[in-house]
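Pasting input17.cif here (mmCIF, C-alpha atoms and all ligand atoms):
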data_final
#
loop_
_atom_site.label_atom_id
_atom_site.label_comp_id
_atom_site.auth_asym_id
_atom_site.auth_seq_id
_atom_site.Cartn_x
_atom_site.Cartn_y
_atom_site.Cartn_z
CA MET T 206 -2.62 -33.28 -7.37
CA ILE T 207 -3.78 -31.44 -10.42
CA GLU T 208 -7.34 -30.93 -9.10
CA ARG T 209 -6.17 -28.05 -6.91
CA PHE T 210 -5.82 -26.02 -10.08
CA PHE T 211 -9.33 -26.70 -11.37
CA PRO T 212 -11.79 -23.80 -11.17
CA ASP T 213 -15.41 -24.27 -10.12
CA LEU T 214 -16.53 -22.45 -13.23
CA ILE T 215 -15.13 -21.19 -16.54
CA VAL T 216 -16.66 -18.22 -18.35
CA ASP T 217 -15.71 -16.25 -21.45
CA ARG T 218 -16.09 -12.85 -19.78
CA VAL T 219 -16.97 -11.57 -16.30
CA GLN T 220 -20.28 -10.36 -17.76
CA ASP T 221 -21.24 -14.02 -18.24
CA ILE T 222 -21.20 -14.70 -14.48
CA ASP T 223 -24.75 -15.52 -13.45
CA THR T 224 -25.68 -13.89 -10.13
CA ASP T 225 -28.35 -16.53 -9.34
CA MET T 226 -25.69 -19.19 -9.75
CA LEU T 227 -23.48 -17.27 -7.29
CA ARG T 228 -26.31 -17.25 -4.74
CA VAL T 229 -26.94 -20.98 -5.20
CA ASN T 230 -23.26 -21.48 -4.34
CA SER T 231 -23.57 -19.35 -1.17
CA VAL T 232 -21.40 -16.55 -2.59
CA LYS T 233 -21.78 -13.20 -0.82
CA GLY T 234 -18.76 -11.36 -2.16
CA LEU T 235 -16.37 -11.36 -5.11
CA ILE T 236 -12.63 -10.81 -5.27
CA LEU T 237 -11.63 -9.58 -8.70
CA ASP T 238 -8.34 -9.65 -10.56
CA ILE T 239 -7.67 -6.67 -12.85
CA ASP T 240 -5.33 -7.55 -15.71
CA ASN T 241 -6.96 -9.51 -18.49
CA THR T 242 -9.96 -10.18 -16.23
CA LEU T 243 -11.65 -6.76 -16.05
CA VAL T 244 -9.58 -4.95 -18.70
CA PRO T 245 -6.66 -5.71 -21.03
CA GLN T 246 -3.24 -5.32 -19.43
CA HIS T 247 -2.41 -2.13 -21.37
CA MET T 248 -5.55 -0.28 -20.26
CA LYS T 249 -4.77 2.05 -17.37
CA GLU T 250 -8.32 2.91 -16.29
CA ALA T 251 -11.48 0.93 -15.76
CA ASP T 252 -13.47 1.14 -19.01
CA LYS T 253 -17.24 1.50 -19.35
CA ASN T 254 -17.80 -2.27 -19.45
CA ALA T 255 -15.85 -2.88 -16.26
CA VAL T 256 -17.51 -0.02 -14.38
CA LYS T 257 -20.98 -1.07 -15.52
CA TRP T 258 -20.47 -4.70 -14.56
CA VAL T 259 -19.02 -3.96 -11.13
CA GLU T 260 -21.95 -1.60 -10.43
CA HIS T 261 -24.35 -4.34 -11.51
CA ILE T 262 -22.73 -6.88 -9.18
CA LYS T 263 -22.92 -4.43 -6.28
CA GLN T 264 -26.57 -3.64 -7.02
CA CYS T 265 -27.31 -7.36 -6.90
CA GLY T 266 -26.17 -7.24 -3.28
CA PHE T 267 -22.68 -8.69 -3.56
CA LYS T 268 -19.60 -7.20 -1.93
CA VAL T 269 -16.70 -6.51 -4.28
CA CYS T 270 -12.94 -6.22 -3.75
CA ILE T 271 -9.93 -6.05 -6.04
CA VAL T 272 -6.86 -8.15 -5.31
CA SER T 273 -4.10 -7.71 -7.86
CA ASN T 274 -0.45 -8.65 -8.12
CA ALA T 275 0.16 -5.39 -10.01
CA SER T 276 1.88 -2.31 -8.59
CA ARG T 277 0.25 0.26 -6.32
CA LYS T 278 0.27 2.82 -9.13
CA ARG T 279 -1.55 0.48 -11.51
CA VAL T 280 -4.18 -0.57 -8.97
CA VAL T 281 -4.87 2.94 -7.61
CA ARG T 282 -5.31 4.40 -11.10
CA PHE T 283 -7.57 1.54 -12.20
CA ASN T 284 -9.67 1.85 -9.05
CA GLU T 285 -10.30 5.62 -9.45
CA LYS T 286 -13.74 5.12 -10.95
CA LEU T 287 -14.69 1.90 -9.16
CA LYS T 288 -13.69 3.01 -5.67
CA VAL T 289 -13.78 -0.48 -4.17
CA TYR T 290 -11.50 -1.93 -1.52
CA ALA T 291 -8.31 -2.89 -3.36
CA VAL T 292 -5.09 -4.69 -2.49
CA HIS T 293 -2.01 -4.25 -4.71
CA ARG T 294 1.16 -6.39 -4.91
CA ALA T 295 -0.95 -9.22 -3.58
CA SER T 296 1.46 -12.08 -4.34
CA LYS T 297 -1.33 -14.43 -5.42
CA PRO T 298 -1.45 -17.45 -5.09
CA GLY T 299 -0.32 -16.43 -1.62
CA THR T 300 -3.36 -16.22 0.62
CA LYS T 301 -2.53 -13.21 2.83
CA ALA T 302 -4.02 -10.52 0.57
CA LEU T 303 -7.02 -12.70 -0.27
CA LEU T 304 -7.78 -13.16 3.42
CA LYS T 305 -7.37 -9.41 3.96
CA ALA T 306 -10.05 -8.79 1.32
CA VAL T 307 -12.34 -11.47 2.77
CA ARG T 308 -12.06 -9.90 6.23
CA HIS T 309 -12.74 -6.46 4.82
CA MET T 310 -15.95 -7.77 3.25
CA GLY T 311 -16.92 -9.36 6.57
CA ILE T 312 -17.67 -12.75 5.04
CA LYS T 313 -16.12 -16.22 5.14
CA PRO T 314 -13.62 -17.47 2.54
CA GLU T 315 -16.14 -20.10 1.38
CA GLU T 316 -18.68 -17.33 0.78
CA THR T 317 -16.27 -15.63 -1.61
CA ALA T 318 -15.88 -16.04 -5.35
CA MET T 319 -12.37 -15.50 -6.72
CA VAL T 320 -12.53 -14.25 -10.31
CA GLY T 321 -9.44 -14.18 -12.48
CA ASP T 322 -7.77 -15.18 -15.74
CA GLN T 323 -4.81 -17.16 -14.39
CA ILE T 324 -4.94 -20.73 -13.12
CA PHE T 325 -1.73 -20.67 -11.07
CA THR T 326 -2.39 -17.37 -9.33
CA ASP T 327 -6.13 -16.60 -9.21
CA VAL T 328 -7.68 -20.07 -9.29
CA TYR T 329 -5.06 -21.81 -7.18
CA GLY T 330 -5.01 -18.99 -4.61
CA GLY T 331 -8.80 -19.06 -4.34
CA ASN T 332 -8.93 -22.85 -4.12
CA ARG T 333 -6.39 -22.83 -1.30
CA LEU T 334 -8.94 -20.87 0.74
CA ASN T 335 -11.90 -23.00 -0.39
CA MET T 336 -13.38 -20.11 -2.37
CA PHE T 337 -15.69 -20.54 -5.33
CA THR T 338 -13.20 -20.06 -8.16
CA ILE T 339 -14.16 -18.62 -11.54
CA LEU T 340 -11.71 -18.67 -14.42
CA VAL T 341 -12.22 -16.00 -17.06
CA LYS T 342 -10.74 -16.26 -20.54
CA PRO T 343 -7.94 -13.66 -20.83
CA ILE T 344 -9.27 -10.54 -22.59
CA ASP T 345 -6.10 -9.83 -24.55
CA ARG T 346 -3.65 -12.22 -26.16
CA ARG T 347 -0.79 -9.72 -25.74
CA GLU T 348 0.70 -10.55 -22.35
CA PHE T 349 3.90 -10.12 -20.38
CA PHE T 350 6.55 -12.76 -20.96
CA PHE T 351 6.15 -14.44 -17.56
CA VAL T 352 2.40 -14.64 -17.94
CA LYS T 353 2.84 -16.19 -21.39
CA LEU T 354 5.17 -18.80 -19.91
CA LYS T 355 2.49 -19.84 -17.45
CA ARG T 356 -0.04 -20.31 -20.23
CA LEU T 357 1.75 -23.46 -21.40
CA PRO T 358 1.23 -25.55 -18.24
CA GLU T 359 -2.24 -24.01 -18.02
CA LYS T 360 -3.05 -25.86 -21.22
CA LEU T 361 -2.28 -29.13 -19.49
CA VAL T 362 -4.69 -28.29 -16.68
CA HIS T 363 -7.37 -27.44 -19.25
CA ARG T 364 -6.86 -30.76 -20.98
CA ARG T 365 -7.23 -32.64 -17.70
CA LEU T 366 -10.25 -30.54 -16.80
CA GLN T 367 -12.02 -31.65 -19.95
CA ASN T 368 -11.71 -35.25 -18.82
CA MET T 369 -12.76 -34.57 -15.26
CA LYS T 370 -14.38 -37.52 -13.50
CA ASP T 371 -16.45 -37.73 -10.30
CA ASP T 372 -13.35 -38.83 -8.48
CA HIS T 373 -11.61 -35.57 -9.44
CA VAL T 374 -14.53 -33.55 -8.11
CA ARG T 375 -14.47 -35.35 -4.78
CA LYS T 376 -10.69 -35.11 -4.40
CA ARG T 377 -10.78 -31.43 -5.28
CA LEU T 378 -13.42 -30.53 -2.70
CA GLU T 379 -11.61 -32.52 -0.02
CA TRP T 380 -8.33 -30.76 -0.82
CA LYS T 381 -9.94 -27.31 -0.77
CA LYS T 382 -11.47 -27.90 2.67
CA LYS T 383 -8.26 -29.26 4.16
CA SER T 384 -6.19 -26.46 2.65
CA VAL T 385 -8.27 -23.63 4.10
CA GLU T 386 -8.35 -25.32 7.53
CA LYS T 387 -4.58 -25.58 7.50
CA ILE T 388 -4.08 -21.95 6.45
CA LEU T 389 -6.54 -20.55 8.99
CA LYS T 390 -5.03 -22.66 11.77
CA LYS T 391 -1.58 -21.27 11.00
CA GLN T 392 -2.94 -17.75 11.32
CA LYS T 393 -4.11 -18.24 14.89
MG MG B 401 -4.82 -11.36 -14.53
#
Could I get this file's structure written as structure tokens?
Ligand SMILES: [Mg+2]
Amino acid sequence: MIERFFPDLIVDRVQDIDTDMLRVNSVKGLILDIDNTLVPQHMKEADKNAVKWVEHIKQCGFKVCIVSNASRKRVVRFNEKLKVYAVHRASKPGTKALLKAVRHMGIKPEETAMVGDQIFTDVYGGNRLNMFTILVKPIDRREFFFVKLKRLPEKLVHRRLQNMKDDHVRKRLEWKKKSVEKILKKQK
């Protein structure tokens, strides 16, 4: 079922995320990916744009967390200026780290927006928990080999997304709801 990989929204950059739109969709907190979402992969620290945007989101009343598959060293260094709750080596699309972040924010998974540049980790992981998923265009074209490999099947998802019908939307929402119920049940 390809719909499980469809995001709720696609934006060019995180700065294009409309906070009113988030509120309309009952979002109270955001989980952010780092690499190629907030900064290019080679950038060790949060740059001015990233810091400014995260501050803006917080000022608008949203909670913010970082959940990254990168190493502890990478995440800690990046988070020096932002100082938000951050999980490293998250194994997205696994849902454990995402749920940890959701619990830290004290909100429900469906009140969370997952923001990232990769369909098979960020979007799929968020969809599994019925989050509002936002796909960002990767900032930098230079990527690690394994990320590059994943970009090929991502193209297929994009092509199918362009021809999305009402039926896809319905199927997708049903799948998201069932998926989160199953995951939360297992946790009990
Ligand atoms: Mg990324």
Using all atoms listed in the file, which residues of the polymer chains come no farther than 8 Å from ligand MG 401 (chain B)? I'd like the answer as a JSON list (two decimals) with C-alpha atoms, keeping the file's coordinate frame.
[["chain", "number", "residue", "atom", "x", "y", "z"],
["T", 238, "ASP", "CA", -8.34, -9.65, -10.56],
["T", 239, "ILE", "CA", -7.67, -6.67, -12.85],
["T", 240, "ASP", "CA", -5.33, -7.55, -15.71],
["T", 241, "ASN", "CA", -6.96, -9.51, -18.49],
["T", 242, "THR", "CA", -9.96, -10.18, -16.23],
["T", 246, "GLN", "CA", -3.24, -5.32, -19.43],
["T", 273, "SER", "CA", -4.10, -7.71, -7.86],
["T", 321, "GLY", "CA", -9.44, -14.18, -12.48],
["T", 322, "ASP", "CA", -7.77, -15.18, -15.74],
["T", 323, "GLN", "CA", -4.81, -17.16, -14.39],
["T", 327, "ASP", "CA", -6.13, -16.60, -9.21],
["T", 343, "PRO", "CA", -7.94, -13.66, -20.83]]
Nearest residue to Leu303 of chain T from the set T:Val281, T:Ala318, T:Leu235, T:Val272 (distances using all atoms listed in the file): T:Val272
One-decimal distance in Å that lies between atom CA of Lys370 of chain T and atom CA of Lys383 of chain T: 20.4 Å
Minimum-distance residue to Ile262 of chain T, chosen among T:Lys233, T:Arg346, T:His363, T:Arg282 (using all atoms listed in the file):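 Closest to Ile262 of chain T of all the choices is T:Lys233.
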What's the 6 Å shell around Gly234 of chain T, counting all atoms listed in the file, without same-chain residues fewer than 2 positions away, as an mmCIF file with C-alpha atoms, in the coordinates of the input?
data_model
loop_
_atom_site.group_PDB
_atom_site.id
_atom_site.type_symbol
_atom_site.label_atom_id
_atom_site.label_comp_id
_atom_site.auth_asym_id
_atom_site.auth_seq_id
_atom_site.Cartn_x
_atom_site.Cartn_y
_atom_site.Cartn_z
ATOM 1 C CA VAL T 232 -21.400 -16.550 -2.590
ATOM 2 C CA PHE T 267 -22.680 -8.690 -3.560
ATOM 3 C CA LYS T 268 -19.600 -7.200 -1.930
ATOM 4 C CA VAL T 269 -16.700 -6.510 -4.280
ATOM 5 C CA THR T 317 -16.270 -15.630 -1.610
#
Nearest candidate to Glu250 of chain T (options T:Glu359, T:Glu285, T:Asp372, T:Glu348; using all atoms listed in the file):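 Nearest to Glu250 of chain T: T:Glu285.
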Atomic distance atom CA of Val385 of chain T - atom CA of Trp258 of chain T, expressed in Å with one decimal: 29.2 Å
Spatial neighbours of Leu287 of chain T, 12 Å, all atoms listed in the file, chain gap at least 4 places, as a PDB file with C-alpha atoms, in the frame of the given file:
ATOM      1  CA  LEU T 237     -11.630  -9.580  -8.700  1.00  0.00           C
ATOM      2  CA  ILE T 239      -7.670  -6.670 -12.850  1.00  0.00           C
ATOM      3  CA  LEU T 243     -11.650  -6.760 -16.050  1.00  0.00           C
ATOM      4  CA  GLU T 250      -8.320   2.910 -16.290  1.00  0.00           C
ATOM      5  CA  ALA T 251     -11.480   0.930 -15.760  1.00  0.00           C
ATOM      6  CA  ASP T 252     -13.470   1.140 -19.010  1.00  0.00           C
ATOM      7  CA  LYS T 253     -17.240   1.500 -19.350  1.00  0.00           C
ATOM      8  CA  ASN T 254     -17.800  -2.270 -19.450  1.00  0.00           C
ATOM      9  CA  ALA T 255     -15.850  -2.880 -16.260  1.00  0.00           C
ATOM     10  CA  VAL T 256     -17.510  -0.020 -14.380  1.00  0.00           C
ATOM     11  CA  LYS T 257     -20.980  -1.070 -15.520  1.00  0.00           C
ATOM     12  CA  TRP T 258     -20.470  -4.700 -14.560  1.00  0.00           C
ATOM     13  CA  VAL T 259     -19.020  -3.960 -11.130  1.00  0.00           C
ATOM     14  CA  GLU T 260     -21.950  -1.600 -10.430  1.00  0.00           C
ATOM     15  CA  HIS T 261     -24.350  -4.340 -11.510  1.00  0.00           C
ATOM     16  CA  ILE T 262     -22.730  -6.880  -9.180  1.00  0.00           C
ATOM     17  CA  LYS T 263     -22.920  -4.430  -6.280  1.00  0.00           C
ATOM     18  CA  VAL T 269     -16.700  -6.510  -4.280  1.00  0.00           C
ATOM     19  CA  CYS T 270     -12.940  -6.220  -3.750  1.00  0.00           C
ATOM     20  CA  ILE T 271      -9.930  -6.050  -6.040  1.00  0.00           C
ATOM     21  CA  VAL T 280      -4.180  -0.570  -8.970  1.00  0.00           C
ATOM     22  CA  VAL T 281      -4.870   2.940  -7.610  1.00  0.00           C
ATOM     23  CA  ARG T 282      -5.310   4.400 -11.100  1.00  0.00           C
ATOM     24  CA  PHE T 283      -7.570   1.540 -12.200  1.00  0.00           C
ATOM     25  CA  ALA T 291      -8.310  -2.890  -3.360  1.00  0.00           C
TER      26      ALA T 291
END
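Atom CA of Val292 of chain T is found 24.8 Å from atom CA of Arg228 of chain T.
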For Arg308 of chain T, the nearest of the candidates T:Gly266, T:Arg347, T:Lys249, T:Tyr290, counting all atoms listed in the file: T:Tyr290
Selected residue of minimal separation from Glu208 of chain T among T:Asn332, T:Ser384, T:Thr300, T:Gln220, counting all atoms listed in the file: T:Asn332
Within 7 Å of Tyr329 of chain T using only C-alpha atoms, minus same-chain residues under 5 positions, as number ranges by chain: T: 209-210, 298, 324
Top pick for closest residue to Met226 of chain T, considering T:Leu361, T:Ile339, T:Met248, T:Ile344 and counting only C-alpha atoms: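 Ranked by minimum distance to Met226 of chain T, first place goes to T:Ile339.
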